[in-house]
Each structure stands twice: as structure tokens, then as C-alpha cells.
Amino acid sequence: MKLFAYQILRQSVILILLSAVIGISANALRSDRVPLIGNWSPEAQLVSADGKKMAISLEDAKTLFNTQKAVFLDARSPEDYTAGHIQGAKNIPWLEFAKYFDQAASEISPDQVLIAYCDGETCHLSKELAKALTEMGFQNARVLINGWSLWIQNGLPIQKGLR
Amino acid sequence: MITKKQIILVLRIILGGIFVYASIDKFLHPAAFAEMIYNYQILPDVLINLSALILPWLELFIGVCLIAGKWMPGAAFLLNVLLLIFFAALLFNLYRGININCGCFSTSATPSEADSMLTDVVRDAVFLAMAIYLFIEVYIENHRRPE
């Protein structure tokens with residue numbers, strides 16, 4: 001038993017080490033190598049079809065808000081929007097995109113910076129909205145990840161009720 | 001009359017072949033495989049790419065060892081460990097309701113249906129049962145004729 005366990009341990013360790021050494025070396029020799037430690041953060045994951053980074057930092061969003069150079073798009077439900085949203089934001093609930101898009105589209109132009117947001121690090125509503133808008137020709141659609149929570153935490157201007 | 005020895009040989013070749021085959025697509029598309037691992041949402045970010053680089057080689061070596069009948073204690077043990085991890089990861093995500101492509105044999109990212117995930121789980125369970133039996137036989141064999 002002792003010998004068997006020892007064999008398992010020795011052979012397993014050698015196989016794993018061998019795989020690690022060869023795997024990492026082989027990767028280094030490839031032209032399409034991947035970084036040993038990848039960036040899997042939500043920001044890095046969020047790229048448009050043409051490879052552009054779509055996430056925007058709170059700082060940048062704030063600046064654009066203050067200079068009124070961006071339109072904020074609330075991707076959450078109308079109920080959430082009515083309960084409170086970023087000041088001046090338009091509501092395009094992603095789950096009812098078709099219903100709300102036309103009216104919102106008449107108020108935004110393709111070259112305008114659009115900042116979609118919803119609530120929570122993993123909330124996908126704003127990402128889907130921004131990606132859809134990009135595909136429709138809105139070149140500057142961005143996402144403020146976890147936007148609503150960040151906005152409130154930083155005491156930035158909000159408003160309640162309908163548009 | 002089929003002997004136990006023949007059954008073991010067949011199991012070794014089937015499981016070894018599966019592991020070698022499963023490693024091929026992962027060698028070809030490491031980035032896509034890393035994406036697969038990420039989609040499982042189990043490993044911490046820093047380990048995703050490393051796993052994607054090391055796992056295909058480990059699968060290949062285990063497969064070759066099984067087919068060649070070399071280093072059977074280690075190979076059969078790692079075979080069980082890996083199958084157990086894959087099985088647990090699939091079950092975990094089936095339970096969580098996360099719909100992922102298992103990335104078992106191909107790294108192409110077509111989202112899979114829940115029932116096809118169930119197929120993956122059943123298939124893994126069969127592999128695991130075969131692997132456990134093989135490991136037990138390797139253990140018995142090892143104790144009959146100690147080196």
C-alpha cells in the first residue's frame with residue numbers, strides 16, 4: 001500500500017510538473033500565445049464586436065455628465081427607473097428594447113456618447129444595450145459597470161419619477 | 001471468453017484515446033479554451049490561463065500513459081482526479097442553472113441547451129465509472145506483483 005501510494009504521488013507530481021513546464025514553454029513559442037495571467041475583469045471582458053473597449057470609468061462618466069457631453073441610458077425596468085435614476089438619463093429597458101427604442105432614438109444622434117448603466121457588477125442589461133446600440137450604428141455607446149450603485153455611493157445627482 | 005486483462009486493455013485504450021482526443025482542440029485554441037474555463041465561473045481569474053495552458057498537456061500525457069500502459073498508478077489516479085473535477089464542475093453549473101458549453105472536446109462557443117448539459121453529465125459519469133474500475137484494477141494488479 002505504501003509503495004502504491006508513493007508511486008501515485010511520484011508519478012502524478014512528475015506528470016503535472018512536466019505538463020506545466022512544457023505547457024508554459026510551448027505557449028511562449030507560439031505566435032498566438034496567451035498571457036499567463038489573463039485579465040478576466042468585467043471591464044476587459046466588455047469589448048464590442050470590433051474590439052473596442054466599452055467600459056467607461058466613473059471618473060470619465062462624471063466628467064461627461066458635468067460637461068453634458070453624454071446621454072445616460074438606464075437599461076433597467078421602468079419601475080426601477082421611476083424609483084430613481086441618474087439625472088437626465090433616458091430609460092431604455094433592455095428587456096423591452098423594441099418598445100422603448102424608437103422614442104429614445106429620436107432624441108439621440110449616432111455620434112453622441114451614450115453611457116448605458118444598470119445595477120450590480122454582473123448586471124448584463126447595460127452591456128447588452130450598449131452592444132445592440134453599437135451594432136445599430138451608435139459608435140460611442142459605452143457602459144458604466146455597476147453604474148447605479150456607483151452613482152449613488154458617490155452622491156452624484158439623481159432624480160425620481162418619469163422622464 | 002473475455003478475460004479481465006482484455007477488459008482492462010480496452011478500458012485503457014478507450015479512456016486514453018478520449019483524453020488524447022480531448023486535448024487536441026485545446027492545443028489548437030488556447031484562448032478559446034481559456035474562455036471556456038472562464039465561463040464555468042469556478043476558478044479564480046489568475047488561474048484561468050495557466051489551467052488552459054497546462055491542462056491539454058496533462059490530458060495528453062495521461063492519455064499516452066494509459067494507452068501505453070506506462071506509469072499506470074499515476075495516470076489512472078490523475079485520470080480519476082480530472083474526471084471528478086470535470087464532473088463536479090458540470091454538475092455545479094447545471095445546479096446553478098448556468099448554461100455553458102462544456103468545452104469537453106471542442107472549444108467552439110455555441111451555447112448548449114440544458115438537456116445537452118445533462119448529456120454531458122451522464123457521459124462524464126460513465127467515463128468516471130470506467131476510470132474508477134480501472135484504478136481499482138491497477139491497485140489490485142499492483143499488489144499481486146509488487147515491483
# chains A, B, ... in the order shown; residues from 1 in each chain; ligands from 1
>>> interface_residues(of="chain A", to="chain B", cutoff="8 Å", atoms="only C-alpha atoms", output="PDB file with C-alpha atoms, in the first residue's frame")
ATOM      1  CA  MET A   1       0.000   0.000   0.000  1.00  0.00           C
ATOM      2  CA  PHE A   4       1.457   2.127  -4.367  1.00  0.00           C
ATOM      3  CA  GLN A   7       4.068   5.594  -6.926  1.00  0.00           C
ATOM      4  CA  ILE A   8       0.858   7.564  -7.367  1.00  0.00           C
ATOM      5  CA  LEU A   9       2.323  10.602  -5.702  1.00  0.00           C
ATOM      6  CA  ARG A  10       5.639  10.498  -7.558  1.00  0.00           C
ATOM      7  CA  GLN A  11       4.156   9.844 -10.996  1.00  0.00           C
ATOM      8  CA  SER A  12       1.353  12.383 -10.561  1.00  0.00           C
ATOM      9  CA  LEU A  15       3.207  14.364 -14.904  1.00  0.00           C
ATOM     10  CA  ILE A  16       1.807  17.646 -13.573  1.00  0.00           C
ATOM     11  CA  SER A  19       2.743  19.455 -18.242  1.00  0.00           C
ATOM     12  CA  ALA A  20       3.316  22.798 -16.539  1.00  0.00           C
ATOM     13  CA  ILE A  22       6.005  22.122 -21.426  1.00  0.00           C
ATOM     14  CA  GLY A  23       2.655  23.928 -21.467  1.00  0.00           C
ATOM     15  CA  ILE A  24       4.149  27.242 -20.414  1.00  0.00           C
ATOM     16  CA  ASN A  27       2.901  28.827 -25.153  1.00  0.00           C
ATOM     17  CA  ARG A  33       0.293  32.953 -27.189  1.00  0.00           C
ATOM     18  CA  VAL A  34      -1.978  33.847 -24.305  1.00  0.00           C
ATOM     19  CA  PRO A  35      -0.740  35.785 -21.268  1.00  0.00           C
ATOM     20  CA  LEU A  36      -0.002  33.503 -18.303  1.00  0.00           C
ATOM     21  CA  ILE A  37      -2.322  35.542 -16.158  1.00  0.00           C
ATOM     22  CA  GLY A  38      -5.201  36.899 -18.157  1.00  0.00           C
ATOM     23  CA  ASN A  39      -7.325  39.912 -17.442  1.00  0.00           C
ATOM     24  CA  TRP A  40     -10.782  38.476 -16.845  1.00  0.00           C
ATOM     25  CA  SER A  41     -12.254  41.535 -15.128  1.00  0.00           C
TER      26      SER A  41
END
>>> residues_around(residues="Leu83 of chain B", least_positions_apart="3", cutoff="9 Å", atoms="only C-alpha atoms", output="list of chain:residue names")
B:Leu78, B:Leu79, B:Asn80, B:Phe86, B:Phe87, B:Ala88, B:Asp124, B:Ala125, B:Phe127, B:Leu128, B:Ala131
>>> write_last_selection(atoms="C-alpha atoms", output="PDB file, in the first residue's frame")
ATOM      1  CA  LEU B  78      -4.870  11.638 -12.316  1.00  0.00           C
ATOM      2  CA  LEU B  79      -7.474  10.338 -14.758  1.00  0.00           C
ATOM      3  CA  ASN B  80      -9.880   9.923 -11.864  1.00  0.00           C
ATOM      4  CA  PHE B  86     -14.900  17.944 -14.727  1.00  0.00           C
ATOM      5  CA  PHE B  87     -17.907  16.058 -13.420  1.00  0.00           C
ATOM      6  CA  ALA B  88     -18.238  18.264 -10.348  1.00  0.00           C
ATOM      7  CA  ASP B 124     -18.882  12.049 -17.717  1.00  0.00           C
ATOM      8  CA  ALA B 125     -20.474   9.748 -15.161  1.00  0.00           C
ATOM      9  CA  PHE B 127     -16.277   7.782 -18.049  1.00  0.00           C
ATOM     10  CA  LEU B 128     -15.826   8.202 -14.313  1.00  0.00           C
ATOM     11  CA  ALA B 131     -11.982   5.161 -14.643  1.00  0.00           C
TER      12      ALA B 131
END
>>> select_by_dssp(residues="chain B", states="alpha helix (DSSP H)", output="compact mmCIF listing (two decimals) with C-alpha atoms, in the first residue's frame")
# COMPACT_ATOMS: atom_id res chain seq x y z
CA LYS B 4 -10.20 -9.33 -17.13
CA LYS B 5 -6.92 -8.43 -18.75
CA GLN B 6 -8.66 -7.77 -22.04
CA ILE B 7 -11.32 -5.62 -20.38
CA ILE B 8 -8.61 -3.54 -18.74
CA LEU B 9 -6.77 -3.17 -22.03
CA VAL B 10 -9.95 -1.99 -23.76
CA LEU B 11 -10.71 0.46 -20.94
CA ARG B 12 -7.17 1.83 -21.08
CA ILE B 13 -7.39 2.40 -24.82
CA ILE B 14 -10.88 3.95 -24.68
CA LEU B 15 -10.10 6.31 -21.78
CA GLY B 16 -6.60 7.07 -23.06
CA GLY B 17 -7.95 7.73 -26.54
CA ILE B 18 -10.64 10.02 -25.17
CA PHE B 19 -8.05 12.04 -23.24
CA VAL B 20 -5.70 12.36 -26.19
CA TYR B 21 -8.60 13.32 -28.45
CA ALA B 22 -9.94 15.83 -25.94
CA SER B 23 -6.57 17.56 -25.73
CA ILE B 24 -6.23 18.26 -29.46
CA ASP B 25 -8.70 21.11 -29.87
CA LYS B 26 -7.42 22.71 -26.68
CA PHE B 27 -3.89 22.76 -28.09
CA LEU B 28 -5.14 24.45 -31.23
CA PRO B 30 -5.78 28.02 -26.08
CA ALA B 31 -7.54 31.38 -25.92
CA ALA B 32 -10.91 29.81 -26.70
CA PHE B 33 -10.27 27.12 -24.10
CA ALA B 34 -9.43 29.78 -21.51
CA GLU B 35 -12.76 31.43 -22.33
CA MET B 36 -14.45 28.07 -21.68
CA ILE B 37 -12.81 27.80 -18.28
CA TYR B 38 -13.83 31.37 -17.53
CA ASN B 39 -17.43 30.53 -18.44
CA TYR B 40 -17.51 27.83 -15.79
CA ASP B 45 -9.08 34.76 -12.66
CA VAL B 46 -5.33 34.30 -12.11
CA LEU B 47 -5.56 30.54 -12.65
CA ILE B 48 -7.68 30.55 -15.80
CA ASN B 49 -4.98 31.00 -18.43
CA LEU B 50 -2.48 28.77 -16.62
CA SER B 51 -5.04 25.98 -16.49
CA ALA B 52 -5.81 26.45 -20.16
CA LEU B 53 -2.11 26.04 -20.99
CA ILE B 54 -1.28 23.13 -18.69
CA LEU B 55 -4.45 21.02 -18.84
CA PRO B 56 -4.18 19.95 -22.51
CA TRP B 57 -0.64 18.61 -21.92
CA LEU B 58 -1.71 16.83 -18.77
CA GLU B 59 -4.60 15.24 -20.66
CA LEU B 60 -2.25 14.22 -23.46
CA PHE B 61 0.31 12.67 -21.10
CA ILE B 62 -2.33 10.83 -19.11
CA GLY B 63 -3.85 9.54 -22.35
CA VAL B 64 -0.50 8.37 -23.71
CA CYS B 65 0.39 6.67 -20.40
CA LEU B 66 -2.96 4.86 -20.34
CA ILE B 67 -2.64 3.65 -23.93
CA ALA B 68 0.99 2.60 -23.48
CA MET B 72 -0.42 3.28 -14.54
CA PRO B 73 -0.77 4.21 -10.84
CA GLY B 74 -0.13 7.89 -11.51
CA ALA B 75 -2.00 8.04 -14.81
CA ALA B 76 -5.07 6.18 -13.51
CA PHE B 77 -5.09 8.35 -10.40
CA LEU B 78 -4.87 11.64 -12.32
CA LEU B 79 -7.47 10.34 -14.76
CA ASN B 80 -9.88 9.92 -11.86
CA VAL B 81 -8.99 13.27 -10.33
CA LEU B 82 -9.55 15.15 -13.60
CA LEU B 83 -12.78 13.34 -14.46
CA LEU B 84 -14.03 14.02 -10.94
CA ILE B 85 -13.23 17.72 -11.28
CA PHE B 86 -14.90 17.94 -14.73
CA PHE B 87 -17.91 16.06 -13.42
CA ALA B 88 -18.24 18.26 -10.35
CA ALA B 89 -17.82 21.44 -12.41
CA LEU B 90 -20.56 20.37 -14.82
CA LEU B 91 -22.92 19.34 -12.03
CA PHE B 92 -22.23 22.57 -10.17
CA ASN B 93 -23.19 24.70 -13.15
CA LEU B 94 -26.17 22.54 -14.01
CA TYR B 95 -27.32 23.12 -10.44
CA ARG B 96 -26.61 26.85 -10.65
CA ALA B 114 -29.81 22.38 -20.60
CA ASP B 115 -30.61 18.90 -21.84
CA SER B 116 -27.32 18.67 -23.70
CA MET B 117 -25.57 19.64 -20.47
CA LEU B 118 -27.39 16.73 -18.89
CA THR B 119 -25.99 14.52 -21.66
CA ASP B 120 -22.50 15.79 -20.80
CA VAL B 121 -23.05 14.95 -17.15
CA VAL B 122 -24.27 11.43 -17.93
CA ARG B 123 -21.38 10.86 -20.34
CA ASP B 124 -18.88 12.05 -17.72
CA ALA B 125 -20.47 9.75 -15.16
CA VAL B 126 -19.93 6.78 -17.49
CA PHE B 127 -16.28 7.78 -18.05
CA LEU B 128 -15.83 8.20 -14.31
CA ALA B 129 -17.29 4.76 -13.59
CA MET B 130 -14.90 3.23 -16.12
CA ALA B 131 -11.98 5.16 -14.64
CA ILE B 132 -12.77 4.11 -11.07
CA TYR B 133 -12.94 0.46 -12.14
CA LEU B 134 -9.62 0.83 -13.96
CA PHE B 135 -8.00 2.39 -10.91
CA ILE B 136 -9.20 -0.44 -8.68
CA GLU B 137 -7.82 -3.00 -11.11
CA VAL B 138 -4.49 -1.15 -11.28
CA TYR B 139 -4.40 -1.26 -7.49
CA ILE B 140 -5.11 -5.00 -7.37
CA GLU B 141 -2.60 -5.72 -10.13
CA ASN B 142 -0.01 -3.64 -8.33
CA HIS B 143 -0.43 -5.65 -5.15
CA ARG B 144 -0.40 -9.03 -6.82
>>> residues_around(residues="Lys131 of chain A", least_positions_apart="5", cutoff="12 Å", atoms="only C-alpha atoms", output="PyMOL selection string")
chain A and resi 46-55+94+114-116+124-126+136-143
>>> atom_distance(atom1="atom CA of Glu43 of chain A", atom2="atom CA of Thr82 of chain A")
27.6 Å
>>> residues_around(residues="segment 146-150 of chain A", least_positions_apart="5", cutoff="6 Å", atoms="only C-alpha atoms", output="JSON list (two decimals) with N, CA and C atoms, in the first residue's frame")
[["chain", "number", "residue", "atom", "x", "y", "z"],
["A", 117, "TYR", "N", -26.19, 52.09, -18.28],
["A", 117, "TYR", "CA", -25.90, 51.58, -16.95],
["A", 117, "TYR", "C", -27.07, 50.75, -16.44],
["A", 118, "CYS", "N", -26.76, 49.88, -15.50],
["A", 118, "CYS", "CA", -27.80, 49.22, -14.72],
["A", 118, "CYS", "C", -27.25, 49.06, -13.31],
["A", 119, "ASP", "N", -27.61, 48.04, -12.60],
["A", 119, "ASP", "CA", -27.19, 47.95, -11.20],
["A", 119, "ASP", "C", -26.52, 46.61, -10.91],
["A", 120, "GLY", "N", -25.33, 46.66, -10.33],
["A", 120, "GLY", "CA", -24.63, 45.43, -9.98],
["A", 120, "GLY", "C", -23.49, 45.12, -10.93],
["A", 121, "GLU", "N", -22.40, 44.56, -10.37],
["A", 121, "GLU", "CA", -21.21, 44.22, -11.15],
["A", 121, "GLU", "C", -21.54, 43.29, -12.31]]
>>> select_by_dssp(residues="chain A", states="strand (DSSP E or B)", output="PDB file with N, CA and C atoms, in the first residue's frame")
ATOM      1  N   VAL A  47     -15.942  44.101 -24.597  1.00  0.00           N
ATOM      2  CA  VAL A  47     -15.455  44.699 -25.836  1.00  0.00           C
ATOM      3  C   VAL A  47     -16.528  44.556 -26.908  1.00  0.00           C
ATOM      4  N   LYS A  53     -12.889  48.720 -26.409  1.00  0.00           N
ATOM      5  CA  LYS A  53     -13.284  48.631 -25.012  1.00  0.00           C
ATOM      6  C   LYS A  53     -14.535  49.480 -24.789  1.00  0.00           C
ATOM      7  N   ALA A  55     -16.234  49.663 -21.641  1.00  0.00           N
ATOM      8  CA  ALA A  55     -16.441  50.109 -20.269  1.00  0.00           C
ATOM      9  C   ALA A  55     -15.903  51.532 -20.102  1.00  0.00           C
ATOM     10  N   ALA A  70     -22.591  63.710 -22.679  1.00  0.00           N
ATOM     11  CA  ALA A  70     -23.042  62.326 -22.872  1.00  0.00           C
ATOM     12  C   ALA A  70     -24.505  62.192 -22.490  1.00  0.00           C
ATOM     13  N   VAL A  71     -25.153  61.217 -23.098  1.00  0.00           N
ATOM     14  CA  VAL A  71     -26.524  60.890 -22.719  1.00  0.00           C
ATOM     15  C   VAL A  71     -26.481  59.592 -21.929  1.00  0.00           C
ATOM     16  N   PHE A  72     -27.054  59.594 -20.752  1.00  0.00           N
ATOM     17  CA  PHE A  72     -27.084  58.393 -19.934  1.00  0.00           C
ATOM     18  C   PHE A  72     -28.335  57.585 -20.259  1.00  0.00           C
ATOM     19  N   LEU A  73     -28.137  56.296 -20.384  1.00  0.00           N
ATOM     20  CA  LEU A  73     -29.241  55.403 -20.709  1.00  0.00           C
ATOM     21  C   LEU A  73     -29.430  54.380 -19.594  1.00  0.00           C
ATOM     22  N   ASP A  74     -30.594  54.393 -19.011  1.00  0.00           N
ATOM     23  CA  ASP A  74     -30.905  53.467 -17.922  1.00  0.00           C
ATOM     24  C   ASP A  74     -31.503  52.198 -18.537  1.00  0.00           C
ATOM     25  N   HIS A  85     -33.139  57.498 -10.854  1.00  0.00           N
ATOM     26  CA  HIS A  85     -32.160  57.275 -11.926  1.00  0.00           C
ATOM     27  C   HIS A  85     -31.189  58.439 -11.987  1.00  0.00           C
ATOM     28  N   ILE A  86     -30.133  58.258 -12.763  1.00  0.00           N
ATOM     29  CA  ILE A  86     -29.156  59.317 -12.946  1.00  0.00           C
ATOM     30  C   ILE A  86     -29.856  60.514 -13.590  1.00  0.00           C
ATOM     31  N   LYS A  90     -32.143  58.703 -19.903  1.00  0.00           N
ATOM     32  CA  LYS A  90     -33.313  58.189 -20.608  1.00  0.00           C
ATOM     33  C   LYS A  90     -33.445  56.709 -20.278  1.00  0.00           C
ATOM     34  N   ASN A  91     -34.679  56.250 -20.250  1.00  0.00           N
ATOM     35  CA  ASN A  91     -34.921  54.850 -19.909  1.00  0.00           C
ATOM     36  C   ASN A  91     -35.104  54.007 -21.183  1.00  0.00           C
ATOM     37  N   VAL A 113     -21.990  60.474 -27.355  1.00  0.00           N
ATOM     38  CA  VAL A 113     -21.525  59.484 -26.383  1.00  0.00           C
ATOM     39  C   VAL A 113     -22.727  59.023 -25.560  1.00  0.00           C
ATOM     40  N   LEU A 114     -22.955  57.731 -25.568  1.00  0.00           N
ATOM     41  CA  LEU A 114     -24.063  57.155 -24.803  1.00  0.00           C
ATOM     42  C   LEU A 114     -23.486  56.316 -23.680  1.00  0.00           C
ATOM     43  N   ILE A 115     -23.987  56.501 -22.501  1.00  0.00           N
ATOM     44  CA  ILE A 115     -23.475  55.712 -21.368  1.00  0.00           C
ATOM     45  C   ILE A 115     -24.610  54.891 -20.780  1.00  0.00           C
ATOM     46  N   ALA A 116     -24.585  53.606 -21.059  1.00  0.00           N
ATOM     47  CA  ALA A 116     -25.610  52.713 -20.526  1.00  0.00           C
ATOM     48  C   ALA A 116     -25.219  52.260 -19.126  1.00  0.00           C
ATOM     49  N   TYR A 117     -26.195  52.088 -18.279  1.00  0.00           N
ATOM     50  CA  TYR A 117     -25.899  51.577 -16.945  1.00  0.00           C
ATOM     51  C   TYR A 117     -27.072  50.755 -16.441  1.00  0.00           C
ATOM     52  N   ALA A 141     -21.297  54.087 -27.919  1.00  0.00           N
ATOM     53  CA  ALA A 141     -22.055  53.514 -26.805  1.00  0.00           C
ATOM     54  C   ALA A 141     -21.087  52.897 -25.807  1.00  0.00           C
ATOM     55  N   ARG A 142     -21.195  53.310 -24.558  1.00  0.00           N
ATOM     56  CA  ARG A 142     -20.287  52.810 -23.512  1.00  0.00           C
ATOM     57  C   ARG A 142     -21.121  52.238 -22.365  1.00  0.00           C
ATOM     58  N   VAL A 143     -20.421  51.586 -21.449  1.00  0.00           N
ATOM     59  CA  VAL A 143     -21.106  51.002 -20.299  1.00  0.00           C
ATOM     60  C   VAL A 143     -20.440  51.469 -19.009  1.00  0.00           C
ATOM     61  N   LEU A 144     -21.225  51.964 -18.104  1.00  0.00           N
ATOM     62  CA  LEU A 144     -20.719  52.272 -16.769  1.00  0.00           C
ATOM     63  C   LEU A 144     -21.111  51.074 -15.896  1.00  0.00           C
ATOM     64  N   ILE A 158     -29.200  62.660  -8.816  1.00  0.00           N
ATOM     65  CA  ILE A 158     -30.203  61.718  -9.323  1.00  0.00           C
ATOM     66  C   ILE A 158     -31.553  62.420  -9.392  1.00  0.00           C
ATOM     67  N   GLN A 159     -32.496  61.773 -10.022  1.00  0.00           N
ATOM     68  CA  GLN A 159     -33.852  62.291  -9.954  1.00  0.00           C
ATOM     69  C   GLN A 159     -34.824  61.126  -9.945  1.00  0.00           C
TER      70      GLN A 159
END
>>> atom_distance(atom1="atom CA of Ala104 of chain A", atom2="atom CA of Ile92 of chain A")
7.2 Å
